[in-house]
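Report on the structure given below.
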Amino acid sequence: MRTEIIGHNAFQSLRVELGAGERFVSEAGKMVRMSTTIDSEVQSVAKSGGIMGGLKRMLGGESFFFSHYTARSAGEVVLAPTLPGNVGFQQLDGRCGWYCAGGSYMASGPEIKTEPKWQGVKGMFSGESLVFVHASGIGPLVLDAFGMVSEEQVDGSFTVDTGHLVAFEDTLQYTISKAGGSWLNSFLAGEGFVIRFTGRGKVMVQSHNMKEFGSVLGPKLPPR
Amino acid sequence: MQYEINYEGAYPALEVALTPGETLVSEAGAMAWMDPSVDCKTAARGGIGASLTRGVLGGESFFQNSYSTTTGGTVALVSGPPGEIRAMEMTGQRIFLERGGYLASGPNVQVDAKFKGLKGLFSEGMFVLQVSGSGPLFFNSFGDISEVQVEGEYIVDNGYALAWDASLDYTISRTSKKIRSFLFGDQLVMRFNGHGRVWTQSRAPRSMGAWVYPYRRAKSN
């Protein structure tokens, strides 16, 4: 298996070359193009995590379904995110797992296990999805992003607006809280909520916030 | 015809330097800036019949603009979505362009709407644009354009297919034969067959439209 990020900064996509018998998994509906030597099958998450797992993923802004790709003989699959921007990429070595925030899971190698993790009460106030998808194992993990992706090495503490978080290593501790000042200040400033990380590990952030963009476009459309 | 595709990246512009006697035809609304020495004529090009099929059926504008000059001047055209602009020299070959992919062309390039047949029911539209003739053709995408050389068979999600050589046949199908896949979020794809090129775009307007849908305001009563 060979993975490659192709395209300009603003419109990256992921190209995966598979050898005979090799497999790859993505969120359903992400396929742009592929060889006819590759079989694709949609499966509900029920197979890996049960119905509850599937429901949790949906609450997390993820699709309920996965596409499983299997190569009968060598071929390629190209996958793309919905919005303009980079594709986030991590090669997992089994040392630690990653939490994917806010619907950012896009695709992964066959040995990566993904499970939804309910964020409980601290997620409920965040305005961010209540569920993170935890990915662990060995192999590539691919993430959807909006805008440019940047990776921060945290040693100590680090704060990220929830709308700009893509993923982070599970070695980090985190709390969800308001950006600063009083609750009223936070509300009026429109800063919303932030995630405060402590410990050591990597955090992947995105330059743009999907909700901000949506709220720019939404009012231009006919009301629902 | 002298042209440059400038500002490479997500927001390109096509700048064409016209000399007296040259004409550039474009999709209505594509002009961004031009010298005052360039004249623009709006017409239902090819007659009302051809415009109707191209406009109403092909998903392109009913009208096209023709740019010409008596002294020389530059006209700049841009596409609707951010993405890429490609130039292709037509030399008698035929290509098919999906709705909205057409940007501009030389005066001897013909652009007609072509009925896809029943398979159009399941894809992006009932009609595609058929481009033929000779001269430059400019087409645009949402996202980057990839050119795929097909030898045999290749699959493209129909939201991402932009253009293809007329030498290729295709059928519309699902990615998987299994009923379960059909019921749960399977994609409709174009299965190309033969020898020729397919151009794909790296983002799909339909997917982004679906993404923005929940951000609409609630209707006030």
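Letters A, B, ... mark the chains of the structure tokens in the order given; residue numbers begin at 1 per chain; ligand numbers begin at 1, in order shown.
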Fill in: Spatial neighbours of region 109-118 of chain A, 6 Å, only C-alpha atoms, chain gap at least 4 places, as a ChimeraX atom specification
/A:23-24,57,131-140
So that I have them on file, write out the residues from the current selection with N, CA and C atoms, as a compact mmCIF listing (two decimals), in the first residue's frame.
# COMPACT_ATOMS: atom_id res chain seq x y z
N ARG A 23 -6.31 -3.78 1.46
CA ARG A 23 -7.59 -3.13 1.77
C ARG A 23 -7.38 -1.72 2.30
N PHE A 24 -8.46 -0.93 2.23
CA PHE A 24 -8.45 0.42 2.76
C PHE A 24 -9.89 0.75 3.16
N ARG A 57 -21.32 7.82 16.33
CA ARG A 57 -20.55 8.43 15.24
C ARG A 57 -21.37 9.49 14.53
N VAL A 131 -18.89 13.81 20.28
CA VAL A 131 -18.20 12.55 20.16
C VAL A 131 -16.90 12.73 19.40
N PHE A 132 -15.85 12.17 19.95
CA PHE A 132 -14.61 12.09 19.20
C PHE A 132 -14.48 10.66 18.68
N VAL A 133 -13.86 10.49 17.56
CA VAL A 133 -13.58 9.14 17.08
C VAL A 133 -12.14 8.82 17.47
N HIS A 134 -11.98 7.72 18.19
CA HIS A 134 -10.64 7.32 18.61
C HIS A 134 -10.08 6.32 17.62
N ALA A 135 -8.92 6.61 17.06
CA ALA A 135 -8.29 5.72 16.09
C ALA A 135 -7.01 5.17 16.69
N SER A 136 -6.85 3.85 16.61
CA SER A 136 -5.63 3.25 17.16
C SER A 136 -5.19 2.10 16.27
N GLY A 137 -3.97 1.67 16.45
CA GLY A 137 -3.43 0.59 15.63
C GLY A 137 -2.22 1.08 14.85
N ILE A 138 -1.90 0.33 13.80
CA ILE A 138 -0.74 0.69 12.99
C ILE A 138 -1.18 0.90 11.55
N GLY A 139 -0.75 2.03 10.99
CA GLY A 139 -1.10 2.31 9.59
C GLY A 139 -1.48 3.77 9.40
N PRO A 140 -1.91 4.11 8.19
CA PRO A 140 -2.24 5.50 7.90
C PRO A 140 -3.62 5.91 8.44
Discussion item. Set the distance at 12 Å and use only C-alpha atoms: which residues neighbour Asn193 (chain B) once local chain neighbours fewer than 6 positions away are removed? I'd like the list as a PyMOL selection string.
Written reply: (chain A and resi 35-36) or (chain B and resi 149-156+164-172)
Write out, as a PDB file, in the first residue's frame, the residues just selected, with C-alpha atoms.
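Done, and the output landed in out_17.pdb:
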ATOM      1  CA  SER A  35      -9.636   1.460 -10.763  1.00  0.00           C
ATOM      2  CA  THR A  36     -12.123  -1.239 -11.671  1.00  0.00           C
TER       3      THR A  36
ATOM      4  CA  GLN B 149      -5.553   8.053 -19.038  1.00  0.00           C
ATOM      5  CA  VAL B 150      -8.072   5.218 -19.280  1.00  0.00           C
ATOM      6  CA  GLU B 151      -6.968   1.983 -20.915  1.00  0.00           C
ATOM      7  CA  GLY B 152      -9.769  -0.479 -20.409  1.00  0.00           C
ATOM      8  CA  GLU B 153     -12.010   0.464 -17.529  1.00  0.00           C
ATOM      9  CA  TYR B 154     -12.068   3.161 -14.853  1.00  0.00           C
ATOM     10  CA  ILE B 155     -14.601   4.355 -12.270  1.00  0.00           C
ATOM     11  CA  VAL B 156     -15.392   8.003 -11.447  1.00  0.00           C
ATOM     12  CA  TRP B 164     -13.936  12.931 -21.142  1.00  0.00           C
ATOM     13  CA  ASP B 165     -12.884  12.029 -24.646  1.00  0.00           C
ATOM     14  CA  ALA B 166     -15.731  10.993 -26.919  1.00  0.00           C
ATOM     15  CA  SER B 167     -13.783   7.798 -27.614  1.00  0.00           C
ATOM     16  CA  LEU B 168     -14.812   6.538 -24.175  1.00  0.00           C
ATOM     17  CA  ASP B 169     -18.116   4.813 -23.463  1.00  0.00           C
ATOM     18  CA  TYR B 170     -19.578   4.841 -20.029  1.00  0.00           C
ATOM     19  CA  THR B 171     -22.394   3.358 -18.014  1.00  0.00           C
ATOM     20  CA  ILE B 172     -23.881   4.613 -14.766  1.00  0.00           C
TER      21      ILE B 172
END
Worksheet entry | Contact residues around Pro84 (chain A) with only C-alpha atoms at 7 Å, ignoring same-chain residues under 2 positions, as a list in words | Ala10, Phe11, Thr82, Phe146 and Gly147 of chain A
Selected residues written out, N, CA and C atoms, as an mmCIF file, in the first residue's frame:
data_model
loop_
_atom_site.group_PDB
_atom_site.id
_atom_site.type_symbol
_atom_site.label_atom_id
_atom_site.label_comp_id
_atom_site.auth_asym_id
_atom_site.auth_seq_id
_atom_site.Cartn_x
_atom_site.Cartn_y
_atom_site.Cartn_z
ATOM 1 N N ALA A 10 -5.150 24.181 -1.589
ATOM 2 C CA ALA A 10 -6.560 24.456 -1.305
ATOM 3 C C ALA A 10 -7.455 23.261 -1.614
ATOM 4 N N PHE A 11 -6.954 22.321 -2.393
ATOM 5 C CA PHE A 11 -7.839 21.232 -2.845
ATOM 6 C C PHE A 11 -7.140 19.883 -2.815
ATOM 7 N N THR A 82 -14.917 17.181 1.620
ATOM 8 C CA THR A 82 -16.005 17.966 1.040
ATOM 9 C C THR A 82 -15.592 19.418 0.826
ATOM 10 N N PHE A 146 -10.529 21.778 6.939
ATOM 11 C CA PHE A 146 -10.994 22.958 6.220
ATOM 12 C C PHE A 146 -9.896 24.013 6.311
ATOM 13 N N GLY A 147 -9.295 24.324 5.180
ATOM 14 C CA GLY A 147 -8.165 25.256 5.172
ATOM 15 C C GLY A 147 -6.851 24.502 5.334
#
Per residue of chain A within 7 Å of chain B, which atom pair is closest and at what distance in Å (one decimal), using only C-alpha atoms, listed by chain and increasing number, as a tab-separated table?
residue	atom	partner	partner_atom	distance
A:Gly7	CA	B:Asp144	CA	6.2
A:His8	CA	B:Gly9	CA	6.3
A:Ala10	CA	B:Ala10	CA	6.0
A:Phe11	CA	B:Gly143	CA	5.3
A:Ser13	CA	B:Ser202	CA	6.8
A:Ala28	CA	B:Gly185	CA	6.5
A:Gly29	CA	B:Gln187	CA	6.1
A:Met31	CA	B:Asp157	CA	6.8
A:Val32	CA	B:Asp157	CA	5.3
A:Arg33	CA	B:Val156	CA	4.1
A:Met34	CA	B:Ile155	CA	5.2
A:Ser35	CA	B:Tyr154	CA	5.1
A:Thr36	CA	B:Tyr154	CA	5.4
A:Ser40	CA	B:Ser176	CA	6.0
A:Glu41	CA	B:Ser176	CA	5.7
A:Val42	CA	B:Ser181	CA	4.8
A:Gln43	CA	B:Ser181	CA	6.8
A:Ala80	CA	B:Ser202	CA	6.4
A:Thr82	CA	B:Met208	CA	5.8
A:Leu83	CA	B:Met208	CA	6.4
A:Gly214	CA	B:Tyr215	CA	5.6
A:Ser215	CA	B:Tyr215	CA	6.0
A:Gly218	CA	B:Arg216	CA	4.1
A:Pro219	CA	B:Arg216	CA	5.8
A:Leu221	CA	B:Arg216	CA	5.9
A:Pro222	CA	B:Arg216	CA	6.9
A:Pro223	CA	B:Arg217	CA	4.9
A:Arg224	CA	B:Ala218	CA	5.1
Discussion item. So the first atom is CA of Phe139 (chain B) and the second is CA of Ala43 (chain B); what is the distance between them in Å, to one decimal place?
Written reply: 20.2 Å
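Taking only C-alpha atoms into account, Phe138 (chain B) lies nearest to B:Gly106 out of the set B:Pro36, B:Gly72, B:Gly106, B:Pro81.
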